[in-house]
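J.: Coordinates in model-v5.pdb, PDB, C-alpha atoms, pLDDT in the B column, are listed below.
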ATOM      1  CA  MET F 797     173.748  36.626 161.116  1.00 64.00           C
ATOM      2  CA  THR F 798     175.369  39.947 161.891  1.00 79.00           C
ATOM      3  CA  SER F 799     178.692  41.095 160.576  1.00 93.00           C
ATOM      4  CA  ALA F 800     180.785  44.215 160.559  1.00 97.00           C
ATOM      5  CA  PHE F 801     179.067  45.042 157.257  1.00 96.00           C
ATOM      6  CA  THR F 802     175.398  44.599 158.194  1.00 96.00           C
ATOM      7  CA  ASP F 803     174.784  48.347 157.926  1.00 96.00           C
ATOM      8  CA  VAL F 804     176.073  48.553 154.347  1.00 97.00           C
ATOM      9  CA  TYR F 805     174.209  45.421 153.235  1.00 96.00           C
ATOM     10  CA  THR F 806     171.018  46.879 154.674  1.00 95.00           C
ATOM     11  CA  ALA F 807     171.657  50.178 152.886  1.00 97.00           C
ATOM     12  CA  ASN F 808     172.241  48.254 149.663  1.00 97.00           C
ATOM     13  CA  ALA F 809     168.809  46.673 149.919  1.00 96.00           C
ATOM     14  CA  ASP F 810     167.334  50.206 149.935  1.00 96.00           C
ATOM     15  CA  TYR F 811     169.550  51.162 146.993  1.00 96.00           C
ATOM     16  CA  VAL F 812     168.400  48.163 144.966  1.00 97.00           C
ATOM     17  CA  ARG F 813     164.735  49.176 145.344  1.00 95.00           C
ATOM     18  CA  ASP F 814     165.415  52.469 143.514  1.00 94.00           C
ATOM     19  CA  PHE F 815     168.236  51.296 141.228  1.00 96.00           C
ATOM     20  CA  ARG F 816     168.280  53.291 137.983  1.00 94.00           C
ATOM     21  CA  LEU F 817     171.676  52.563 136.451  1.00 95.00           C
ATOM     22  CA  ALA F 818     170.818  49.373 134.584  1.00 95.00           C
ATOM     23  CA  GLY F 819     171.764  49.644 130.952  1.00 94.00           C
ATOM     24  CA  LEU F 820     174.689  52.018 131.341  1.00 94.00           C
ATOM     25  CA  GLN F 821     177.492  51.142 128.971  1.00 93.00           C
ATOM     26  CA  PRO F 822     180.975  50.398 130.384  1.00 95.00           C
ATOM     27  CA  VAL F 823     182.589  53.278 128.453  1.00 97.00           C
ATOM     28  CA  ALA F 824     183.152  56.758 129.857  1.00 98.00           C
ATOM     29  CA  ALA F 825     180.265  58.608 128.188  1.00 98.00           C
ATOM     30  CA  ARG F 826     182.020  61.980 128.546  1.00 98.00           C
ATOM     31  CA  GLY F 827     185.445  60.539 127.722  1.00 98.00           C
ATOM     32  CA  ILE F 828     187.061  61.476 131.016  1.00 98.00           C
ATOM     33  CA  ALA F 829     189.181  59.587 133.516  1.00 98.00           C
ATOM     34  CA  LEU F 830     189.630  61.172 136.916  1.00 98.00           C
ATOM     35  CA  VAL F 831     192.553  60.267 139.168  1.00 98.00           C
ATOM     36  CA  THR F 832     191.745  61.459 142.676  1.00 98.00           C
ATOM     37  CA  CYS F 833     192.315  60.620 146.304  1.00 98.00           C
ATOM     38  CA  MET F 834     190.418  58.041 148.313  1.00 97.00           C
ATOM     39  CA  ASP F 835     189.521  60.780 150.815  1.00 97.00           C
ATOM     40  CA  SER F 836     185.829  60.529 151.672  1.00 97.00           C
ATOM     41  CA  ARG F 837     185.434  64.316 151.563  1.00 97.00           C
ATOM     42  CA  ILE F 838     185.606  64.168 147.760  1.00 98.00           C
ATOM     43  CA  GLU F 839     182.465  63.455 145.732  1.00 98.00           C
ATOM     44  CA  PRO F 840     184.097  63.076 142.314  1.00 97.00           C
ATOM     45  CA  LEU F 841     181.000  63.007 140.135  1.00 97.00           C
ATOM     46  CA  ALA F 842     179.146  65.879 141.800  1.00 97.00           C
ATOM     47  CA  THR F 843     182.326  67.962 142.068  1.00 98.00           C
ATOM     48  CA  LEU F 844     182.735  68.015 138.284  1.00 98.00           C
ATOM     49  CA  GLY F 845     179.098  68.013 137.184  1.00 98.00           C
ATOM     50  CA  LEU F 846     179.255  64.388 136.095  1.00 98.00           C
ATOM     51  CA  GLN F 847     176.720  61.585 136.301  1.00 97.00           C
ATOM     52  CA  PRO F 848     177.182  57.828 136.723  1.00 97.00           C
ATOM     53  CA  GLY F 849     178.560  56.457 133.465  1.00 97.00           C
ATOM     54  CA  ASP F 850     180.247  59.718 132.438  1.00 98.00           C
ATOM     55  CA  ALA F 851     183.745  58.968 133.728  1.00 98.00           C
ATOM     56  CA  LYS F 852     186.203  56.393 134.936  1.00 98.00           C
ATOM     57  CA  ILE F 853     187.206  57.184 138.511  1.00 98.00           C
ATOM     58  CA  LEU F 854     190.587  56.001 139.834  1.00 98.00           C
ATOM     59  CA  ARG F 855     191.136  56.589 143.535  1.00 98.00           C
ATOM     60  CA  ASN F 856     194.138  55.991 145.745  1.00 97.00           C
ATOM     61  CA  ALA F 857     195.899  57.581 148.695  1.00 97.00           C
ATOM     62  CA  GLY F 858     197.158  60.988 147.590  1.00 97.00           C
ATOM     63  CA  ALA F 859     195.753  60.829 144.034  1.00 98.00           C
ATOM     64  CA  ARG F 860     199.140  59.600 142.856  1.00 97.00           C
ATOM     65  CA  VAL F 861     199.848  58.253 139.390  1.00 98.00           C
ATOM     66  CA  THR F 862     201.321  54.878 140.278  1.00 97.00           C
ATOM     67  CA  ASP F 863     202.215  52.046 137.933  1.00 97.00           C
ATOM     68  CA  ASP F 864     198.779  50.568 138.597  1.00 98.00           C
ATOM     69  CA  THR F 865     197.142  53.892 137.742  1.00 98.00           C
ATOM     70  CA  LEU F 866     199.021  53.953 134.438  1.00 98.00           C
ATOM     71  CA  ARG F 867     197.987  50.354 133.692  1.00 98.00           C
ATOM     72  CA  THR F 868     194.380  51.286 134.332  1.00 98.00           C
ATOM     73  CA  LEU F 869     194.611  54.425 132.190  1.00 98.00           C
ATOM     74  CA  VAL F 870     195.979  52.399 129.265  1.00 98.00           C
ATOM     75  CA  LEU F 871     192.953  50.108 129.502  1.00 98.00           C
ATOM     76  CA  ALA F 872     190.589  53.053 129.920  1.00 98.00           C
ATOM     77  CA  VAL F 873     191.948  54.849 126.846  1.00 98.00           C
ATOM     78  CA  TYR F 874     191.941  51.873 124.492  1.00 98.00           C
ATOM     79  CA  MET F 875     188.928  49.950 125.748  1.00 98.00           C
ATOM     80  CA  LEU F 876     186.658  52.296 127.697  1.00 98.00           C
ATOM     81  CA  GLY F 877     186.386  55.507 125.704  1.00 98.00           C
ATOM     82  CA  VAL F 878     188.699  57.737 127.730  1.00 98.00           C
ATOM     83  CA  GLU F 879     190.018  60.702 125.738  1.00 98.00           C
ATOM     84  CA  ARG F 880     191.129  62.987 128.572  1.00 98.00           C
ATOM     85  CA  VAL F 881     192.583  62.600 132.052  1.00 98.00           C
ATOM     86  CA  LEU F 882     192.239  64.923 135.035  1.00 98.00           C
ATOM     87  CA  VAL F 883     194.483  64.348 138.048  1.00 98.00           C
ATOM     88  CA  LEU F 884     192.827  65.881 141.120  1.00 98.00           C
ATOM     89  CA  PRO F 885     194.580  65.810 144.498  1.00 98.00           C
ATOM     90  CA  HIS F 886     193.070  67.857 147.332  1.00 97.00           C
ATOM     91  CA  THR F 887     193.918  70.304 150.064  1.00 97.00           C
ATOM     92  CA  ARG F 888     194.705  69.048 153.570  1.00 96.00           C
ATOM     93  CA  CYS F 889     195.700  65.607 152.243  1.00 95.00           C
ATOM     94  CA  LYS F 890     197.466  63.418 154.794  1.00 91.00           C
ATOM     95  CA  MET F 891     199.757  61.994 152.093  1.00 91.00           C
ATOM     96  CA  ALA F 892     200.947  65.532 151.271  1.00 92.00           C
ATOM     97  CA  SER F 893     201.393  66.606 154.879  1.00 92.00           C
ATOM     98  CA  VAL F 894     204.068  64.178 156.024  1.00 92.00           C
ATOM     99  CA  ALA F 895     207.817  64.422 155.558  1.00 88.00           C
ATOM    100  CA  GLY F 896     207.931  61.194 153.549  1.00 92.00           C
ATOM    101  CA  ASP F 897     207.128  57.514 153.479  1.00 95.00           C
ATOM    102  CA  ALA F 898     209.466  56.869 156.427  1.00 95.00           C
ATOM    103  CA  GLU F 899     207.243  59.008 158.659  1.00 95.00           C
ATOM    104  CA  VAL F 900     204.190  56.930 157.708  1.00 95.00           C
ATOM    105  CA  HIS F 901     206.055  53.647 158.181  1.00 96.00           C
ATOM    106  CA  ASP F 902     207.274  54.803 161.596  1.00 96.00           C
ATOM    107  CA  ALA F 903     203.798  55.948 162.686  1.00 95.00           C
ATOM    108  CA  ILE F 904     202.193  52.637 161.705  1.00 96.00           C
ATOM    109  CA  TYR F 905     204.958  50.626 163.343  1.00 97.00           C
ATOM    110  CA  SER F 906     204.955  52.607 166.581  1.00 97.00           C
ATOM    111  CA  THR F 907     201.161  52.495 166.915  1.00 97.00           C
ATOM    112  CA  TYR F 908     200.355  49.016 165.570  1.00 98.00           C
ATOM    113  CA  GLY F 909     203.647  47.123 165.466  1.00 97.00           C
ATOM    114  CA  VAL F 910     203.252  46.450 161.737  1.00 97.00           C
ATOM    115  CA  ASP F 911     206.303  46.866 159.519  1.00 97.00           C
ATOM    116  CA  THR F 912     205.058  48.404 156.247  1.00 97.00           C
ATOM    117  CA  ARG F 913     208.457  49.167 154.714  1.00 97.00           C
ATOM    118  CA  SER F 914     207.743  46.758 151.855  1.00 97.00           C
ATOM    119  CA  LEU F 915     205.143  49.247 150.595  1.00 96.00           C
ATOM    120  CA  GLU F 916     205.685  52.539 148.827  1.00 94.00           C
ATOM    121  CA  PHE F 917     203.066  55.110 149.866  1.00 94.00           C
ATOM    122  CA  HIS F 918     204.141  57.827 147.392  1.00 94.00           C
ATOM    123  CA  THR F 919     203.943  60.597 149.988  1.00 92.00           C
ATOM    124  CA  ASP F 920     205.230  64.007 148.948  1.00 92.00           C
ATOM    125  CA  ASN F 921     204.811  67.225 150.882  1.00 91.00           C
ATOM    126  CA  ASP F 922     205.368  69.200 147.666  1.00 93.00           C
ATOM    127  CA  GLN F 923     201.871  68.484 146.411  1.00 95.00           C
ATOM    128  CA  ILE F 924     202.099  70.690 143.304  1.00 96.00           C
ATOM    129  CA  GLY F 925     205.512  69.257 142.435  1.00 96.00           C
ATOM    130  CA  ALA F 926     204.137  65.730 142.842  1.00 96.00           C
ATOM    131  CA  LEU F 927     201.143  66.627 140.663  1.00 97.00           C
ATOM    132  CA  ARG F 928     203.411  67.980 137.933  1.00 97.00           C
ATOM    133  CA  HIS F 929     205.539  64.831 138.138  1.00 97.00           C
ATOM    134  CA  ASP F 930     202.474  62.622 137.850  1.00 98.00           C
ATOM    135  CA  LEU F 931     201.111  64.580 134.875  1.00 98.00           C
ATOM    136  CA  GLY F 932     204.454  64.019 133.165  1.00 97.00           C
ATOM    137  CA  ARG F 933     204.223  60.276 133.830  1.00 98.00           C
ATOM    138  CA  ILE F 934     200.915  60.165 131.975  1.00 98.00           C
ATOM    139  CA  ARG F 935     201.965  62.491 129.141  1.00 98.00           C
ATOM    140  CA  HIS F 936     205.158  60.558 128.456  1.00 97.00           C
ATOM    141  CA  HIS F 937     203.939  57.012 128.966  1.00 98.00           C
ATOM    142  CA  PRO F 938     204.905  55.062 125.840  1.00 98.00           C
ATOM    143  CA  LEU F 939     201.593  53.189 125.681  1.00 98.00           C
ATOM    144  CA  LEU F 940     199.337  56.221 125.947  1.00 98.00           C
ATOM    145  CA  PRO F 941     198.571  58.153 122.766  1.00 98.00           C
ATOM    146  CA  ASP F 942     200.274  61.417 121.867  1.00 95.00           C
ATOM    147  CA  GLY F 943     197.823  64.239 122.225  1.00 94.00           C
ATOM    148  CA  LEU F 944     195.878  62.662 125.091  1.00 98.00           C
ATOM    149  CA  ALA F 945     194.435  65.642 126.986  1.00 98.00           C
ATOM    150  CA  VAL F 946     195.967  65.580 130.467  1.00 98.00           C
ATOM    151  CA  GLU F 947     195.491  68.248 133.117  1.00 98.00           C
ATOM    152  CA  GLY F 948     195.851  68.681 136.845  1.00 98.00           C
ATOM    153  CA  ALA F 949     193.863  70.605 139.412  1.00 98.00           C
ATOM    154  CA  VAL F 950     193.495  70.741 143.182  1.00 98.00           C
ATOM    155  CA  TYR F 951     190.191  70.214 144.977  1.00 98.00           C
ATOM    156  CA  ASP F 952     189.641  72.361 148.076  1.00 98.00           C
ATOM    157  CA  VAL F 953     187.993  70.214 150.766  1.00 98.00           C
ATOM    158  CA  ASP F 954     186.793  73.338 152.585  1.00 98.00           C
ATOM    159  CA  THR F 955     185.051  75.081 149.662  1.00 98.00           C
ATOM    160  CA  GLY F 956     184.526  72.424 146.968  1.00 98.00           C
ATOM    161  CA  ALA F 957     186.405  74.586 144.445  1.00 98.00           C
ATOM    162  CA  VAL F 958     188.597  72.975 141.794  1.00 98.00           C
ATOM    163  CA  THR F 959     191.608  75.078 140.805  1.00 98.00           C
ATOM    164  CA  PRO F 960     193.546  74.142 137.660  1.00 98.00           C
ATOM    165  CA  VAL F 961     197.312  73.816 138.074  1.00 96.00           C
ATOM    166  CA  ASP F 962     199.546  75.064 135.309  1.00 84.00           C
ATOM    167  CA  ALA F 963     201.814  72.159 134.527  1.00 72.00           C
TER     168      ALA F 963
END
How would this structure read if it were set down as structure tokens?

T.:
Amino acid sequence: MTSAFTDVYTANADYVRDFRLAGLQPVAARGIALVTCMDSRIEPLATLGLQPGDAKILRNAGARVTDDTLRTLVLAVYMLGVERVLVLPHTRCKMASVAGDAEVHDAIYSTYGVDTRSLEFHTDNDQIGALRHDLGRIRHHPLLPDGLAVEGAVYDVDTGAVTPVDA
């Protein structure tokens, strides 16, 4: 039986033959949570010199700190060994290059006829301003501990460089 996923199931069979991650614990061995974009140009572990098991990786469009991101960070801090959080958006991000959610809604509707106005995409063309806002959401969340190390940086998709953002 063939499906739209035959290629990935076949690749998984190869992966299973050389699987070496059995026995990893569910905690973040290096105590880090990374909030980054879903963009496939980002290799979060390699970018930061991490290995499987070192970090909790949270990915979404635009690397935004949404309510779901905060929920996940609360769990990661109290149950999965996270002691520090890095928020890492990237250059040339589609979610930071549009005028706002309305532009995305309009583009989807005009191309596909799907009304997405019930969703909030969290677009913001002031990427550094959005990053600073999101860092504040983490730092001031009432369920996250005071003193949790929280920083922001921007990943350059053209060079691989990570540049800290003063926030």

J.: Figure out the distance between CA of Ala829 in chain F and CA of Asp942 in chain F, please, to one decimal in Å.

T.: 16.2 Å

J.: Closest to Lys852 in chain F among F:Ala825, F:Ala903, F:Val946, F:Ile924, using all atoms listed in the file?

T.: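 The shortest atom-to-atom distance to Lys852 in chain F comes from F:Ala825.
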
J.: With distances taken over all atoms listed in the file, which residue among F:Leu939, F:Ala949, F:Ala800, F:Ala926 lies nearest Val881 in chain F?

T.: F:Ala949

J.: Taking only C-alpha atoms into account, name the residue in F:Gly932, F:Gly896, F:Pro938, F:Gly858 that is nearest to Val870 in chain F.

T.: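 Nearest candidate to Val870 in chain F out of F:Gly932, F:Gly896, F:Pro938, F:Gly858: F:Pro938.
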
J.: Please compute the CA of Ser906 in chain F-CA of Val894 in chain F distance, one decimal, in Å.

T.: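 According to the coordinates, CA of Ser906 in chain F and CA of Val894 in chain F are separated by 15.7 Å.
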
J.: On this file, the PyMOL selection byres ((chain F and resi 838) around 10) gives some set of residues; write that set as a compact mmCIF listing (two decimals) with C-alpha atoms, keeping the file's coordinate frame.

T.:
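What landed in expr_4.txt:
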# COMPACT_ATOMS: atom_id res chain seq x y z
CA THR F 832 191.74 61.46 142.68
CA CYS F 833 192.32 60.62 146.30
CA MET F 834 190.42 58.04 148.31
CA ASP F 835 189.52 60.78 150.82
CA SER F 836 185.83 60.53 151.67
CA ARG F 837 185.43 64.32 151.56
CA GLU F 839 182.46 63.46 145.73
CA PRO F 840 184.10 63.08 142.31
CA LEU F 841 181.00 63.01 140.14
CA ALA F 842 179.15 65.88 141.80
CA THR F 843 182.33 67.96 142.07
CA LEU F 884 192.83 65.88 141.12
CA PRO F 885 194.58 65.81 144.50
CA HIS F 886 193.07 67.86 147.33
CA TYR F 951 190.19 70.21 144.98
CA ASP F 952 189.64 72.36 148.08
CA VAL F 953 187.99 70.21 150.77
CA GLY F 956 184.53 72.42 146.97

J.: For this file, the PyMOL selection byres ((chain F and resi 922) around 12) selects which residues, as a VMD selection string?

T.: chain F and resid 858 885 887 889 891 to 896 918 to 921 923 to 929

J.: Evaluate the PyMOL selection byres ((chain F and resi 861) around 9) against this structure - the residues, as a list in words, please.

T.: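 Going through the file, the PyMOL selection byres ((chain F and resi 861) around 9) ends up selecting Val831, Asn856, Ala859, Arg860, Thr862, Asp863, Asp864, Thr865, Leu866, Val883, Leu927, His929, Asp930, Leu931, Arg933 and Ile934 of chain F.
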
J.: For the residues in that selection, give me C-alpha atoms as a CSV table (one decimal), in the frame of the given file.

T.:
chain,number,residue,atom,x,y,z
F,831,VAL,CA,192.6,60.3,139.2
F,856,ASN,CA,194.1,56.0,145.7
F,859,ALA,CA,195.8,60.8,144.0
F,860,ARG,CA,199.1,59.6,142.9
F,862,THR,CA,201.3,54.9,140.3
F,863,ASP,CA,202.2,52.0,137.9
F,864,ASP,CA,198.8,50.6,138.6
F,865,THR,CA,197.1,53.9,137.7
F,866,LEU,CA,199.0,54.0,134.4
F,883,VAL,CA,194.5,64.3,138.0
F,927,LEU,CA,201.1,66.6,140.7
F,929,HIS,CA,205.5,64.8,138.1
F,930,ASP,CA,202.5,62.6,137.8
F,931,LEU,CA,201.1,64.6,134.9
F,933,ARG,CA,204.2,60.3,133.8
F,934,ILE,CA,200.9,60.2,132.0

J.: To one decimal place, how far is CA of His901 in chain F from CA of Ala857 in chain F in Å?

T.: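 Straight-line distance from CA of His901 in chain F to CA of Ala857 in chain F works out to 14.4 Å.
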
J.: Can you pull out the residues contacting range 807-820 of chain F? Cut-off 9 Å, using all atoms listed in the file, and skip same-chain residues under 4 positions away; I want them as a ChimeraX atom specification.

T.: /F:802-803,848-849

J.: Counting all atoms listed in the file, what is within 9 Å of Arg913 in chain F, bar same-chain residues fewer than 6 positions away, as a list in words?

T.: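 In the requested format, the answer is Asp897, Ala898, His901 and Asp902 of chain F.
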
J.: Looking at F:Ala851, F:Arg888, F:Gln821, F:Leu876, which one is nearest to Asp954 in chain F, with distances taken over only C-alpha atoms?

T.: F:Arg888
